[in-house]
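Here's protein39.tsv, which has TSV, C-alpha atoms and all ligand atoms:
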chain	number	residue	atom	x	y	z
A	1	MET	CA	-1.18	-16.46	-1.23
A	2	THR	CA	0.66	-19.45	-2.53
A	3	ARG	CA	3.02	-19.66	-5.41
A	4	THR	CA	5.70	-21.73	-6.95
A	5	GLY	CA	8.84	-21.06	-8.92
A	6	SER	CA	12.40	-20.28	-7.95
A	7	PRO	CA	12.65	-17.08	-5.96
A	8	HIS	CA	16.37	-16.89	-6.70
A	9	SER	CA	16.27	-16.54	-10.45
A	10	ARG	CA	16.47	-12.75	-10.68
A	11	PRO	CA	19.21	-11.53	-8.36
A	12	VAL	CA	19.64	-7.82	-9.05
A	13	ILE	CA	21.35	-6.49	-5.94
A	14	LYS	CA	24.21	-8.03	-3.98
A	15	SER	CA	23.01	-8.99	-0.49
A	16	SER	CA	26.26	-7.90	1.13
A	17	THR	CA	25.89	-4.30	0.03
A	18	TYR	CA	22.13	-3.64	0.09
A	19	ASP	CA	20.67	-1.82	3.10
A	20	PRO	CA	17.24	-3.34	3.91
A	21	GLU	CA	16.18	0.06	5.29
A	22	HIS	CA	15.66	1.05	1.66
A	23	LEU	CA	13.33	-1.87	0.86
A	24	PRO	CA	9.90	-0.20	1.29
A	25	ALA	CA	10.98	2.98	-0.53
A	26	ASP	CA	12.67	1.06	-3.35
A	27	PHE	CA	9.64	-1.17	-3.86
A	28	ILE	CA	7.17	1.73	-3.83
A	29	GLY	CA	9.39	3.65	-6.25
A	30	TYR	CA	9.35	0.64	-8.57
A	31	VAL	CA	5.54	0.29	-8.29
A	32	LYS	CA	5.11	3.99	-9.16
A	33	ALA	CA	7.36	3.59	-12.23
A	34	LEU	CA	5.21	0.68	-13.46
A	35	GLN	CA	2.05	2.74	-12.86
A	36	ALA	CA	3.48	5.58	-14.95
A	37	HIS	CA	4.29	3.06	-17.70
A	38	ALA	CA	0.64	1.85	-17.58
A	39	GLY	CA	-0.85	5.35	-17.73
A	40	HIS	CA	-1.73	5.38	-14.00
A	41	GLU	CA	-4.66	3.02	-14.57
A	42	PRO	CA	-6.53	2.69	-11.23
A	43	HIS	CA	-8.79	-0.17	-12.33
A	44	ALA	CA	-7.13	-3.41	-11.18
A	45	TYR	CA	-8.14	-5.64	-14.08
A	46	ARG	CA	-7.32	-3.04	-16.74
A	47	LEU	CA	-3.95	-2.43	-15.03
A	48	ALA	CA	-3.19	-6.16	-15.23
A	49	ARG	CA	-3.91	-6.12	-18.95
A	50	ALA	CA	-1.86	-2.96	-19.50
A	51	LEU	CA	1.11	-4.71	-17.82
A	52	GLN	CA	0.59	-7.87	-19.90
A	53	LEU	CA	-0.29	-9.99	-16.88
A	54	ARG	CA	-2.51	-12.93	-17.70
A	55	VAL	CA	-5.43	-13.35	-15.28
A	56	ARG	CA	-7.25	-16.68	-15.05
A	57	VAL	CA	-9.83	-18.27	-12.77
A	58	GLY	CA	-8.89	-21.00	-10.30
A	59	LEU	CA	-9.58	-22.51	-6.89
A	60	HIS	CA	-7.15	-20.26	-5.00
A	61	ASN	CA	-5.61	-16.81	-5.37
A	62	TYR	CA	-1.93	-16.96	-6.38
A	63	CYS	CA	0.53	-15.86	-9.02
A	64	LEU	CA	3.26	-17.39	-11.16
A	65	PRO	CA	5.61	-14.52	-12.09
A	66	GLU	CA	7.89	-16.79	-14.13
A	67	ALA	CA	5.14	-18.36	-16.25
A	68	GLN	CA	5.61	-18.16	-20.02
A	69	PRO	CA	4.91	-16.26	-22.17
A	70	ASP	CA	3.73	-13.75	-19.51
A	71	PRO	CA	3.26	-13.85	-15.73
A	72	LEU	CA	0.07	-15.59	-14.66
A	73	ILE	CA	-2.31	-14.51	-11.88
A	74	VAL	CA	-4.98	-16.96	-10.80
A	75	VAL	CA	-7.96	-15.69	-8.80
A	76	GLN	CA	-11.15	-17.22	-7.49
A	77	PRO	CA	-14.12	-16.59	-9.84
A	78	TRP	CA	-15.61	-13.80	-7.74
A	79	TYR	CA	-12.37	-11.78	-8.05
A	80	PHE	CA	-12.08	-12.17	-11.82
A	81	ALA	CA	-12.37	-9.30	-14.34
A	82	TRP	CA	-13.17	-6.44	-11.98
A	83	SER	CA	-11.31	-3.99	-9.84
A	84	ASN	CA	-10.53	-5.43	-6.40
A	85	ASP	CA	-7.76	-5.62	-3.81
A	86	VAL	CA	-7.15	-9.38	-4.16
A	87	LEU	CA	-6.08	-8.82	-7.76
A	88	ARG	CA	-3.99	-5.81	-6.70
A	89	HIS	CA	-2.25	-7.90	-4.04
A	90	GLU	CA	-1.31	-10.61	-6.55
A	91	MET	CA	-0.11	-7.96	-9.02
A	92	ALA	CA	2.09	-6.55	-6.27
A	93	HIS	CA	3.70	-10.00	-5.90
A	94	VAL	CA	4.57	-10.05	-9.61
A	95	MET	CA	5.95	-6.50	-9.33
A	96	LEU	CA	8.10	-7.43	-6.33
A	97	TRP	CA	9.50	-10.38	-8.26
A	98	TRP	CA	10.11	-8.21	-11.34
A	99	SER	CA	11.93	-5.66	-9.16
A	100	GLY	CA	14.48	-8.26	-8.09
A	101	LEU	CA	13.79	-7.37	-4.44
A	102	GLU	CA	11.93	-10.59	-3.65
A	103	SER	CA	14.96	-12.84	-4.02
A	104	HIS	CA	16.91	-10.29	-2.07
A	105	ILE	CA	14.45	-10.31	0.85
A	106	LEU	CA	14.55	-14.11	1.00
A	107	ALA	CA	18.35	-14.09	0.97
A	108	LEU	CA	18.47	-11.48	3.73
A	109	TYR	CA	15.77	-12.79	6.07
A	110	GLY	CA	15.41	-16.48	5.18
A	111	PRO	CA	12.19	-18.07	3.94
A	112	GLU	CA	10.01	-17.67	7.04
A	113	ALA	CA	10.62	-14.04	8.06
A	114	GLY	CA	11.24	-13.21	4.40
A	115	TRP	CA	7.73	-14.21	3.34
A	116	THR	CA	6.26	-12.13	6.19
A	117	VAL	CA	8.16	-9.10	4.86
A	118	ILE	CA	7.04	-9.91	1.30
A	119	GLU	CA	3.37	-10.16	2.32
A	120	ARG	CA	3.54	-6.84	4.19
A	121	LEU	CA	5.14	-5.05	1.24
A	122	CYS	CA	2.53	-6.43	-1.15
A	123	GLN	CA	-0.30	-5.46	1.19
A	124	GLN	CA	1.09	-1.93	1.45
A	125	ALA	CA	1.33	-1.71	-2.35
A	126	VAL	CA	-2.44	-2.34	-2.63
A	127	ALA	CA	-3.17	1.24	-1.47
A	128	PHE	CA	-0.69	2.60	-4.05
A	129	LEU	CA	-2.26	0.57	-6.86
A	130	HIS	CA	-5.75	1.70	-5.84
A	131	ILE	CA	-4.81	5.40	-5.65
A	132	PRO	CA	-2.25	6.28	-8.39
A	133	PRO	CA	0.15	9.23	-7.94
A	134	PRO	CA	-1.83	11.82	-10.01
A	135	MET	CA	-4.92	11.26	-7.83
A	136	LEU	CA	-2.80	11.71	-4.70
A	137	GLN	CA	-1.14	14.85	-6.08
A	138	ASP	CA	-4.53	16.36	-6.96
A	139	ALA	CA	-5.85	15.74	-3.42
A	140	VAL	CA	-2.73	17.29	-1.82
A	141	GLN	CA	-2.87	20.31	-4.15
A	142	ARG	CA	-6.47	20.93	-3.13
A	143	HIS	CA	-6.28	20.18	0.57
A	144	GLY	CA	-2.61	19.87	1.62
A	145	VAL	CA	-1.49	16.83	3.61
A	146	SER	CA	-4.63	16.86	5.72
A	147	ALA	CA	-7.64	14.91	6.92
A	148	GLN	CA	-9.66	16.60	4.17
A	149	ALA	CA	-7.28	15.11	1.59
A	150	VAL	CA	-7.97	11.61	2.97
A	151	LEU	CA	-11.70	12.13	2.50
A	152	HIS	CA	-11.14	13.49	-1.01
A	153	LEU	CA	-9.04	10.42	-1.92
A	154	GLN	CA	-11.67	8.07	-0.56
A	155	LYS	CA	-14.39	9.70	-2.66
A	156	GLN	CA	-12.29	9.85	-5.82
A	157	SER	CA	-11.00	6.27	-5.65
A	158	GLY	CA	-13.81	4.35	-3.99
A	159	ALA	CA	-11.19	2.85	-1.65
A	160	SER	CA	-11.86	2.42	2.04
A	161	LEU	CA	-11.06	5.26	4.40
A	162	SER	CA	-8.18	3.29	5.95
A	163	THR	CA	-6.70	2.62	2.47
A	164	ALA	CA	-6.92	6.34	1.63
A	165	LEU	CA	-5.29	7.17	4.98
A	166	ARG	CA	-2.39	4.75	4.46
A	167	ARG	CA	-1.89	5.97	0.88
A	168	LEU	CA	-1.48	9.59	2.01
A	169	ILE	CA	0.66	8.87	5.06
A	170	TYR	CA	3.08	6.43	3.34
A	171	ASP	CA	3.35	8.29	0.03
A	172	THR	CA	6.79	9.76	0.65
A	173	PRO	CA	9.04	7.50	2.71
A	174	ASP	CA	11.13	10.33	4.19
A	175	ALA	CA	8.19	12.65	5.04
A	176	GLN	CA	7.03	13.11	8.63
A	177	ARG	CA	3.39	12.08	8.63
A	178	ALA	CA	0.97	10.10	10.76
A	179	GLY	CA	-2.77	9.62	10.78
A	180	PHE	CA	-5.61	7.86	12.56
A	181	LEU	CA	-9.29	6.96	12.36
A	182	THR	CA	-11.57	6.72	15.35
A	183	SER	CA	-14.78	4.86	16.00
A	184	GLY	CA	-16.52	6.25	19.06
A	185	ALA	CA	-13.92	6.55	21.81
A	186	TYR	CA	-11.56	4.02	20.17
A	187	ILE	CA	-8.72	4.27	17.64
A	188	ARG	CA	-9.70	1.98	14.76
A	189	ALA	CA	-6.74	2.59	12.39
A	190	VAL	CA	-3.30	4.17	12.56
A	191	ALA	CA	-0.60	4.92	9.97
A	192	GLN	CA	2.82	6.28	10.95
A	193	CYS	CA	5.68	7.47	8.75
A	194	ASN	CA	8.59	8.94	10.75
A	195	LEU	CA	6.19	10.26	13.42
A	196	ILE	CA	4.91	8.32	16.42
A	197	LEU	CA	1.29	8.95	17.42
A	198	PRO	CA	0.61	9.54	21.15
A	199	PHE	CA	-1.74	6.51	21.16
A	200	GLY	CA	-2.02	3.13	19.46
A	201	TRP	CA	-4.45	0.96	17.54
A	202	LEU	CA	-7.53	-0.03	19.58
A	203	ASP	CA	-6.62	2.33	22.45
A	204	ARG	CA	-9.52	4.10	24.13
A	205	VAL	CA	-8.96	7.81	23.40
A	206	PRO	CA	-12.14	9.89	23.80
A	207	GLU	CA	-10.31	13.16	22.95
A	208	PRO	CA	-7.42	12.39	20.55
A	209	LEU	CA	-6.49	16.03	19.90
A	210	ILE	CA	-5.56	16.84	23.51
A	211	ARG	CA	-2.88	14.11	23.37
A	212	PHE	CA	-0.77	16.08	20.84
A	213	PRO	CA	1.68	18.85	21.78
A	214	THR	CA	-0.02	22.20	21.10
A	215	THR	CA	2.43	23.08	18.29
A	216	SER	CA	1.67	19.89	16.31
A	217	ARG	CA	0.14	20.41	12.88
A	218	VAL	CA	-2.88	18.15	13.17
A	219	THR	CA	-6.00	18.41	11.00
A	220	THR	CA	-9.23	16.51	11.59
A	221	VAL	CA	-12.53	15.92	9.87
A	222	ARG	CA	-15.55	14.60	11.75
A	223	LEU	CA	-17.16	11.86	9.67
A	224	HIS	CA	-20.34	11.49	11.66
A	225	ALA	CA	-21.28	11.62	15.33
A	226	ARG	CA	-18.86	8.87	16.30
A	227	GLY	CA	-15.97	8.94	13.81
A	228	LEU	CA	-12.97	11.18	13.18
A	229	VAL	CA	-10.11	11.28	10.62
A	230	GLY	CA	-6.90	12.85	11.88
A	231	VAL	CA	-3.70	13.67	9.97
A	232	TRP	CA	-0.50	14.94	11.57
A	233	ALA	CA	2.08	16.35	9.12
A	234	GLU	CA	5.26	18.24	10.07
B	301	ZN	ZN	0.40	-12.57	-0.81

Please, can you express the file's structure as structure tokens?
Amino acid sequence: MTRTGSPHSRPVIKSSTYDPEHLPADFIGYVKALQAHAGHEPHAYRLARALQLRVRVGLHNYCLPEAQPDPLIVVQPWYFAWSNDVLRHEMAHVMLWWSGLESHILALYGPEAGWTVIERLCQQAVAFLHIPPPMLQDAVQRHGVSAQAVLHLQKQSGASLSTALRRLIYDTPDAQRAGFLTSGAYIRAVAQCNLILPFGWLDRVPEPLIRFPTTSRVTTVRLHARGLVGVWAE
């Protein structure tokens, strides 16, 4: 994305005292508060309207959080007026700016590394905006923190399987969770929150379950002949 405007206009936290370890949790907490304010609307375009974000059509996808009278999001015509992850990503940028954390990240890391951190945080927020907290809570009540819950989330939200996996694994920043998707003998997606999987993305692992210690609480669901969802929760 591209955008203009001063990133230093909303300093909320003093750089000298803020621990960047808290960044992902603080941002996700802020996103969840905005979702509650907007009635947990999962539809991207309706969420933008509920938050009084103006959405317009343009040549590129970007946002202007400081635009008056309300923040402005510009998207290419094919992303306009429907529910999609490009719009969610740009909304996440506005939310990060609103939170005051954006200027903080740039002060801490400098413009180059800072924008990499900002892009990652906004990309992570997409899964949270696609699957609001009540939908997540319903899936966990039905299925626990499990592979079955990932499938349930995917069906309920229409998100991709990897989005549903990341949403479940990263929901609670201090929980111990990890998950993976396979395609044939290969690992096609991983998500890790305070647990390290015994294999990595794109590794060849024909039998993922035998890599875990026998006491690990791992659940799996076979998707079809060549795919598996796995969730490890302690
Ligand atoms: Zn971006």

For this session: Give as a list in words each residue that has an atom at most 9 Å from (-7.1, 0.4, 20.8) in the file, counting only C-alpha atoms.
Result: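 Every residue inside that radius is included here: Tyr186, Ile187, Arg188, Ala189, Phe199, Gly200, Trp201, Leu202, Asp203, Arg204 and Val205 of chain A.
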
Which chain A residues have any atom within 12 Å of an atom of ligand ZN 301 (chain B), and for each, what is the nearest pair of atoms with distance in Å to one decimal, counting only C-alpha atoms and all ligand atoms, rows sorted by chain and number, as JSON lines?
{"residue": "A:Met1", "atom": "CA", "partner": "B:ZN301", "partner_atom": "ZN", "distance": 4.2}
{"residue": "A:Thr2", "atom": "CA", "partner": "B:ZN301", "partner_atom": "ZN", "distance": 7.1}
{"residue": "A:Arg3", "atom": "CA", "partner": "B:ZN301", "partner_atom": "ZN", "distance": 8.8}
{"residue": "A:His60", "atom": "CA", "partner": "B:ZN301", "partner_atom": "ZN", "distance": 11.6}
{"residue": "A:Asn61", "atom": "CA", "partner": "B:ZN301", "partner_atom": "ZN", "distance": 8.7}
{"residue": "A:Tyr62", "atom": "CA", "partner": "B:ZN301", "partner_atom": "ZN", "distance": 7.5}
{"residue": "A:Cys63", "atom": "CA", "partner": "B:ZN301", "partner_atom": "ZN", "distance": 8.8}
{"residue": "A:Leu64", "atom": "CA", "partner": "B:ZN301", "partner_atom": "ZN", "distance": 11.8}
{"residue": "A:Ile73", "atom": "CA", "partner": "B:ZN301", "partner_atom": "ZN", "distance": 11.6}
{"residue": "A:Val75", "atom": "CA", "partner": "B:ZN301", "partner_atom": "ZN", "distance": 12.0}
{"residue": "A:Asp85", "atom": "CA", "partner": "B:ZN301", "partner_atom": "ZN", "distance": 11.1}
{"residue": "A:Val86", "atom": "CA", "partner": "B:ZN301", "partner_atom": "ZN", "distance": 8.9}
{"residue": "A:Leu87", "atom": "CA", "partner": "B:ZN301", "partner_atom": "ZN", "distance": 10.2}
{"residue": "A:Arg88", "atom": "CA", "partner": "B:ZN301", "partner_atom": "ZN", "distance": 10.0}
{"residue": "A:His89", "atom": "CA", "partner": "B:ZN301", "partner_atom": "ZN", "distance": 6.3}
{"residue": "A:Glu90", "atom": "CA", "partner": "B:ZN301", "partner_atom": "ZN", "distance": 6.3}
{"residue": "A:Met91", "atom": "CA", "partner": "B:ZN301", "partner_atom": "ZN", "distance": 9.4}
{"residue": "A:Ala92", "atom": "CA", "partner": "B:ZN301", "partner_atom": "ZN", "distance": 8.3}
{"residue": "A:His93", "atom": "CA", "partner": "B:ZN301", "partner_atom": "ZN", "distance": 6.6}
{"residue": "A:Val94", "atom": "CA", "partner": "B:ZN301", "partner_atom": "ZN", "distance": 10.1}
{"residue": "A:Met95", "atom": "CA", "partner": "B:ZN301", "partner_atom": "ZN", "distance": 11.8}
{"residue": "A:Leu96", "atom": "CA", "partner": "B:ZN301", "partner_atom": "ZN", "distance": 10.8}
{"residue": "A:Trp97", "atom": "CA", "partner": "B:ZN301", "partner_atom": "ZN", "distance": 12.0}
{"residue": "A:Trp115", "atom": "CA", "partner": "B:ZN301", "partner_atom": "ZN", "distance": 8.6}
{"residue": "A:Thr116", "atom": "CA", "partner": "B:ZN301", "partner_atom": "ZN", "distance": 9.1}
{"residue": "A:Val117", "atom": "CA", "partner": "B:ZN301", "partner_atom": "ZN", "distance": 10.2}
{"residue": "A:Ile118", "atom": "CA", "partner": "B:ZN301", "partner_atom": "ZN", "distance": 7.5}
{"residue": "A:Glu119", "atom": "CA", "partner": "B:ZN301", "partner_atom": "ZN", "distance": 4.9}
{"residue": "A:Arg120", "atom": "CA", "partner": "B:ZN301", "partner_atom": "ZN", "distance": 8.2}
{"residue": "A:Leu121", "atom": "CA", "partner": "B:ZN301", "partner_atom": "ZN", "distance": 9.1}
{"residue": "A:Cys122", "atom": "CA", "partner": "B:ZN301", "partner_atom": "ZN", "distance": 6.5}
{"residue": "A:Gln123", "atom": "CA", "partner": "B:ZN301", "partner_atom": "ZN", "distance": 7.4}
{"residue": "A:Gln124", "atom": "CA", "partner": "B:ZN301", "partner_atom": "ZN", "distance": 10.9}
{"residue": "A:Ala125", "atom": "CA", "partner": "B:ZN301", "partner_atom": "ZN", "distance": 11.0}
{"residue": "A:Val126", "atom": "CA", "partner": "B:ZN301", "partner_atom": "ZN", "distance": 10.8}

Exercise. Between CA of Leu34 in chain A and CA of Val74 in chain A, what is the distance, to one decimal in Å?
Worked result: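 According to the coordinates, CA of Leu34 in chain A and CA of Val74 in chain A are separated by 20.5 Å.
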
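For the pair CA of Leu195 in chain A and CA of Arg217 in chain A, the interatomic distance is 11.8 Å.
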
Problem set entry | Straight-line distance linking CA of Pro71 in chain A with CA of Ala25 in chain A, stated in Å to one decimal |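 It comes out at 24.0 Å.
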
Let me have the centre and edge lengths of the axis-aligned box enclosing all listed atoms of range 218-227 of chain A with 4 Å padding on every side, in Å to one decimal, as AutoDock Vina command-line options.
--center_x -12.1 --center_y 13.6 --center_z 13.0 --size_x 26.4 --size_y 17.5 --size_z 14.6

For this session: Starting from the point (-14.0, -21.5, -9.2), work out which residues of protein, DNA or RNA have an atom no more than 7 Å away when counting only C-alpha atoms; state them as a ChimeraX atom specification.
Result: /A:57-59,76-77

Since we have the selection now, will you write its residues out, keeping C-alpha atoms, as a PDB file, keeping the file's coordinate frame?
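Listed below is the output, result.pdb:
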ATOM      1  CA  VAL A  57      -9.830 -18.270 -12.770  1.00  0.00           C
ATOM      2  CA  GLY A  58      -8.890 -21.000 -10.300  1.00  0.00           C
ATOM      3  CA  LEU A  59      -9.580 -22.510  -6.890  1.00  0.00           C
ATOM      4  CA  GLN A  76     -11.150 -17.220  -7.490  1.00  0.00           C
ATOM      5  CA  PRO A  77     -14.120 -16.590  -9.840  1.00  0.00           C
TER       6      PRO A  77
END

Problem set entry | Selection: 9 Å around range 164-180 of chain A, only C-alpha atoms, excl. self and same-chain fewer than 3 positions, as a VMD selection string | chain A and resid 24 to 25 28 124 to 125 127 to 128 130 to 131 133 136 140 145 to 147 149 to 154 157 159 to 161 187 to 197 201 218 228 to 234

Exercise. With distances taken over only C-alpha atoms, which of A:Ile105, A:Ala67, A:Leu129, A:Ala185 is nearest to Leu47 in chain A?
Worked result: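 Counting only C-alpha atoms, the residue closest to Leu47 in chain A is A:Leu129.
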
Exercise. Using all atoms listed in the file, which residue out of A:Thr163, A:Val221, A:Pro20, A:Ser216 lies closest to Tyr109 in chain A?
Worked result: A:Pro20
